Amino acid sequence: MTDRMTGSYKTEDKVDPNLGTLRRCTFCGIFKPLSEFGKNGVDRDGNTVYRTDCKMCYNLRRKANSSRSRKAHSDFVGGMKRRSDDDVQFTHQNWKECLIYFEGSCAYCGKTPKRGQRLTKDHLYPVVNGGKTTPDNIVPACYKCNSSKGSSDFKEWFMAQPFFSQDRLNKIFKWRSIMRLAMPVKNQVNKGREQE
């Protein structure tokens with residue numbers, strides 16, 4: 001999906017009559033106003049130069065690259081292996097891509113964690129029900145949603161919640177599709193499961 005340092009989208013600027021200059025973020029691919037991009041010095045003519053990644057993607061990647069986040073990911077992978085999932089196919093890079101795709105918020109309720117809290121890695125199809133630890137089966141979830149869902153079927157659980165959103169459900173399915181296309185066929189989990 002995205003390269004570690006440069007992202008997969010080409011930086012492109014366009015002018016909107018109402019919003020002014022918009023720039024496409026190299027990581028999330030969304031056109032945003034220049035105010036959503038960090039300043040990166042000045043050019044030879046003294047004009048302000050802006051980063052190619054938006055502030056949200058920059059901050060998410062920076063936080064995900066911290067030693068604390070790397071240790072948390074390592075602990076997660078170790079925990080999955082101890083729970084008999086010997087074929088963990090979920091890298092720290094996959095987690096960063098997942099966070100960027102869901103814009104640093106819970107895939108279910110859409111909330112961004114408060115300061116001092118972080119998003120958890122939730123298996124759409126739980127490990128106890130045969131789900132695997134692969135990019136197409138993991139989404140970010142706040143602690144409250146992750147613990148409430150437990151080992152329930154994610155779609156049934158999500159549709160019963162007061163914060164259910166068809167847009168967020170579609171986004172989850174789109175994430176699964178993107179990751180399945182990016183994964184080698186032998187590593188695809190839940191191949192037999194259809195999008196219900």
# chains A, B, ... in the order shown; residues from 1 in each chain; ligands from 1

call {"tool": "residues_around", "arguments": {"residues": "Phe163 in chain A", "least_positions_apart": "2", "cutoff": "12 Å", "atoms": "only C-alpha atoms", "output": "PyMOL selection string"}}
result
chain A and resi 106-111+145+157-161+165-169

call {"tool": "write_last_selection", "arguments": {"atoms": "N, CA and C atoms", "output": "PDB file, in the first residue's frame"}}
result
ATOM      1  N   CYS A 106     -11.002   4.722  15.469  1.00  0.00           N
ATOM      2  CA  CYS A 106     -11.597   3.392  15.608  1.00  0.00           C
ATOM      3  C   CYS A 106     -12.395   3.070  14.344  1.00  0.00           C
ATOM      4  N   ALA A 107     -12.181   1.889  13.791  1.00  0.00           N
ATOM      5  CA  ALA A 107     -12.893   1.482  12.573  1.00  0.00           C
ATOM      6  C   ALA A 107     -14.393   1.362  12.809  1.00  0.00           C
ATOM      7  N   TYR A 108     -14.794   1.157  14.049  1.00  0.00           N
ATOM      8  CA  TYR A 108     -16.205   0.953  14.364  1.00  0.00           C
ATOM      9  C   TYR A 108     -16.910   2.255  14.761  1.00  0.00           C
ATOM     10  N   CYS A 109     -16.495   2.858  15.877  1.00  0.00           N
ATOM     11  CA  CYS A 109     -17.205   4.051  16.378  1.00  0.00           C
ATOM     12  C   CYS A 109     -16.671   5.349  15.772  1.00  0.00           C
ATOM     13  N   GLY A 110     -15.506   5.301  15.164  1.00  0.00           N
ATOM     14  CA  GLY A 110     -14.945   6.482  14.517  1.00  0.00           C
ATOM     15  C   GLY A 110     -14.244   7.451  15.443  1.00  0.00           C
ATOM     16  N   LYS A 111     -14.150   7.104  16.744  1.00  0.00           N
ATOM     17  CA  LYS A 111     -13.500   8.011  17.698  1.00  0.00           C
ATOM     18  C   LYS A 111     -11.991   7.882  17.623  1.00  0.00           C
ATOM     19  N   CYS A 145     -14.660  -0.602  22.113  1.00  0.00           N
ATOM     20  CA  CYS A 145     -15.260  -1.391  21.035  1.00  0.00           C
ATOM     21  C   CYS A 145     -14.650  -2.791  20.970  1.00  0.00           C
ATOM     22  N   TRP A 157     -22.259  -7.736  15.334  1.00  0.00           N
ATOM     23  CA  TRP A 157     -22.038  -6.882  16.508  1.00  0.00           C
ATOM     24  C   TRP A 157     -22.129  -5.409  16.121  1.00  0.00           C
ATOM     25  N   PHE A 158     -21.433  -5.040  15.057  1.00  0.00           N
ATOM     26  CA  PHE A 158     -21.362  -3.640  14.636  1.00  0.00           C
ATOM     27  C   PHE A 158     -22.741  -3.105  14.258  1.00  0.00           C
ATOM     28  N   MET A 159     -23.527  -3.900  13.534  1.00  0.00           N
ATOM     29  CA  MET A 159     -24.846  -3.432  13.090  1.00  0.00           C
ATOM     30  C   MET A 159     -25.817  -3.252  14.256  1.00  0.00           C
ATOM     31  N   ALA A 160     -25.535  -3.895  15.385  1.00  0.00           N
ATOM     32  CA  ALA A 160     -26.403  -3.762  16.562  1.00  0.00           C
ATOM     33  C   ALA A 160     -26.023  -2.571  17.442  1.00  0.00           C
ATOM     34  N   GLN A 161     -24.916  -1.891  17.130  1.00  0.00           N
ATOM     35  CA  GLN A 161     -24.445  -0.785  17.953  1.00  0.00           C
ATOM     36  C   GLN A 161     -25.166   0.517  17.605  1.00  0.00           C
ATOM     37  N   SER A 165     -22.535   2.707  11.383  1.00  0.00           N
ATOM     38  CA  SER A 165     -22.491   3.570  10.206  1.00  0.00           C
ATOM     39  C   SER A 165     -22.219   2.698   8.981  1.00  0.00           C
ATOM     40  N   GLN A 166     -23.097   2.793   7.996  1.00  0.00           N
ATOM     41  CA  GLN A 166     -22.894   2.025   6.763  1.00  0.00           C
ATOM     42  C   GLN A 166     -21.603   2.456   6.076  1.00  0.00           C
ATOM     43  N   ASP A 167     -21.264   3.739   6.155  1.00  0.00           N
ATOM     44  CA  ASP A 167     -20.020   4.226   5.554  1.00  0.00           C
ATOM     45  C   ASP A 167     -18.795   3.558   6.187  1.00  0.00           C
ATOM     46  N   ARG A 168     -18.800   3.438   7.527  1.00  0.00           N
ATOM     47  CA  ARG A 168     -17.657   2.792   8.193  1.00  0.00           C
ATOM     48  C   ARG A 168     -17.614   1.297   7.882  1.00  0.00           C
ATOM     49  N   LEU A 169     -18.779   0.652   7.786  1.00  0.00           N
ATOM     50  CA  LEU A 169     -18.803  -0.767   7.415  1.00  0.00           C
ATOM     51  C   LEU A 169     -18.241  -0.943   6.006  1.00  0.00           C
TER      52      LEU A 169
END

call {"tool": "select_by_dssp", "arguments": {"residues": "chain A", "states": "strand (DSSP E or B)", "output": "JSON, numbers by chain"}}
result
{"A": [13, 14, 15, 16, 20, 21, 22, 23, 24, 31, 32, 33, 37, 38, 39, 40, 41, 42, 48, 49, 50, 51, 52, 53, 54, 120, 121, 122, 123, 138, 139, 140, 141]}

call {"tool": "residues_around", "arguments": {"residues": "range 44-60 of chain A", "least_positions_apart": "4", "cutoff": "10 Å", "atoms": "only C-alpha atoms", "output": "ChimeraX atom specification"}}
result
/A:5-7,9-12,23-40,64-65,96-97,99-101,103-104

call {"tool": "select_by_dssp", "arguments": {"residues": "chain A", "states": "alpha helix (DSSP H)", "output": "PyMOL selection string"}}
result
chain A and resi 55-64+67-82+92-101+143-149+154-159+166-182

call {"tool": "closest_residue", "arguments": {"among": "A:Val139, A:Lys155, A:Ser69, A:Cys98", "to": "Arg118 in chain A", "atoms": "only C-alpha atoms"}}
result
A:Ser69

call {"tool": "residues_around", "arguments": {"residues": "Gln117 in chain A", "least_positions_apart": "3", "cutoff": "9 Å", "atoms": "only C-alpha atoms", "output": "PyMOL selection string"}}
result
chain A and resi 113-114+142-143

call {"tool": "write_last_selection", "arguments": {"atoms": "C-alpha atoms", "output": "PDB file, in the first residue's frame"}}
result
ATOM      1  CA  PRO A 113      -8.190   7.899  21.149  1.00  0.00           C
ATOM      2  CA  LYS A 114      -7.636  10.490  23.852  1.00  0.00           C
ATOM      3  CA  CYS A 142     -10.726   1.660  20.594  1.00  0.00           C
ATOM      4  CA  TYR A 143     -10.458  -0.403  23.763  1.00  0.00           C
TER       5      TYR A 143
END

call {"tool": "closest_residue", "arguments": {"among": "A:Lys63, A:Lys132, A:Arg115, A:Arg68", "to": "Arg83 in chain A", "atoms": "only C-alpha atoms"}}
result
A:Lys132

call {"tool": "closest_residue", "arguments": {"among": "A:Arg62, A:Arg70, A:Lys14, A:Lys144", "to": "Thr120 in chain A", "atoms": "only C-alpha atoms"}}
result
A:Lys144

call {"tool": "closest_residue", "arguments": {"among": "A:Leu22, A:Ile178, A:Val127, A:Met183", "to": "Gly150 in chain A", "atoms": "only C-alpha atoms"}}
result
A:Val127

call {"tool": "residues_around", "arguments": {"residues": "Asp136 in chain A", "least_positions_apart": "2", "cutoff": "12 Å", "atoms": "only C-alpha atoms", "output": "ChimeraX atom specification"}}
result
/A:89-91,94-95,97-98,121-125,131-134,138-140,172-184,187-191

call {"tool": "write_last_selection", "arguments": {"atoms": "C-alpha atoms", "output": "mmCIF file, in the first residue's frame"}}
result
data_model
loop_
_atom_site.group_PDB
_atom_site.id
_atom_site.type_symbol
_atom_site.label_atom_id
_atom_site.label_comp_id
_atom_site.auth_asym_id
_atom_site.auth_seq_id
_atom_site.Cartn_x
_atom_site.Cartn_y
_atom_site.Cartn_z
ATOM 1 C CA GLN A 89 1.447 -12.290 8.754
ATOM 2 C CA PHE A 90 0.916 -8.826 10.225
ATOM 3 C CA THR A 91 3.908 -6.493 10.218
ATOM 4 C CA ASN A 94 0.881 -3.150 7.932
ATOM 5 C CA TRP A 95 -0.254 -1.552 11.195
ATOM 6 C CA GLU A 97 -0.900 1.516 6.789
ATOM 7 C CA CYS A 98 -4.020 0.436 8.668
ATOM 8 C CA LYS A 121 -5.524 -4.295 16.910
ATOM 9 C CA ASP A 122 -8.879 -6.018 16.512
ATOM 10 C CA HIS A 123 -9.384 -9.251 14.568
ATOM 11 C CA LEU A 124 -12.530 -8.900 12.467
ATOM 12 C CA TYR A 125 -12.894 -12.674 12.647
ATOM 13 C CA GLY A 131 -9.507 -15.889 12.218
ATOM 14 C CA LYS A 132 -5.864 -15.268 11.362
ATOM 15 C CA THR A 133 -3.474 -12.443 12.163
ATOM 16 C CA THR A 134 -3.179 -11.010 8.660
ATOM 17 C CA ILE A 138 -7.103 -6.570 11.487
ATOM 18 C CA VAL A 139 -8.564 -3.109 11.994
ATOM 19 C CA PRO A 140 -7.871 -0.430 14.611
ATOM 20 C CA ILE A 172 -13.883 -1.908 6.595
ATOM 21 C CA PHE A 173 -14.887 -4.063 3.615
ATOM 22 C CA LYS A 174 -12.853 -1.853 1.282
ATOM 23 C CA TRP A 175 -9.814 -2.254 3.581
ATOM 24 C CA ARG A 176 -10.236 -6.036 3.489
ATOM 25 C CA SER A 177 -10.434 -5.979 -0.314
ATOM 26 C CA ILE A 178 -7.353 -3.776 -0.681
ATOM 27 C CA MET A 179 -5.328 -5.980 1.657
ATOM 28 C CA ARG A 180 -6.483 -9.188 -0.024
ATOM 29 C CA LEU A 181 -5.358 -7.823 -3.382
ATOM 30 C CA ALA A 182 -1.992 -6.899 -1.882
ATOM 31 C CA MET A 183 -1.469 -10.281 -0.180
ATOM 32 C CA PRO A 184 -0.067 -13.379 -1.875
ATOM 33 C CA ASN A 187 -1.464 -15.945 2.858
ATOM 34 C CA GLN A 188 -5.070 -14.868 2.425
ATOM 35 C CA VAL A 189 -7.104 -15.770 5.448
ATOM 36 C CA ASN A 190 -10.742 -16.493 5.587
ATOM 37 C CA LYS A 191 -10.666 -17.150 1.823
#

call {"tool": "atom_distance", "arguments": {"atom1": "CA of Asp153 in chain A", "atom2": "CA of Asn170 in chain A"}}
result
15.9 Å

call {"tool": "closest_residue", "arguments": {"among": "A:Asn146, A:Pro162, A:Leu119, A:Val42", "to": "His73 in chain A", "atoms": "only C-alpha atoms"}}
result
A:Leu119
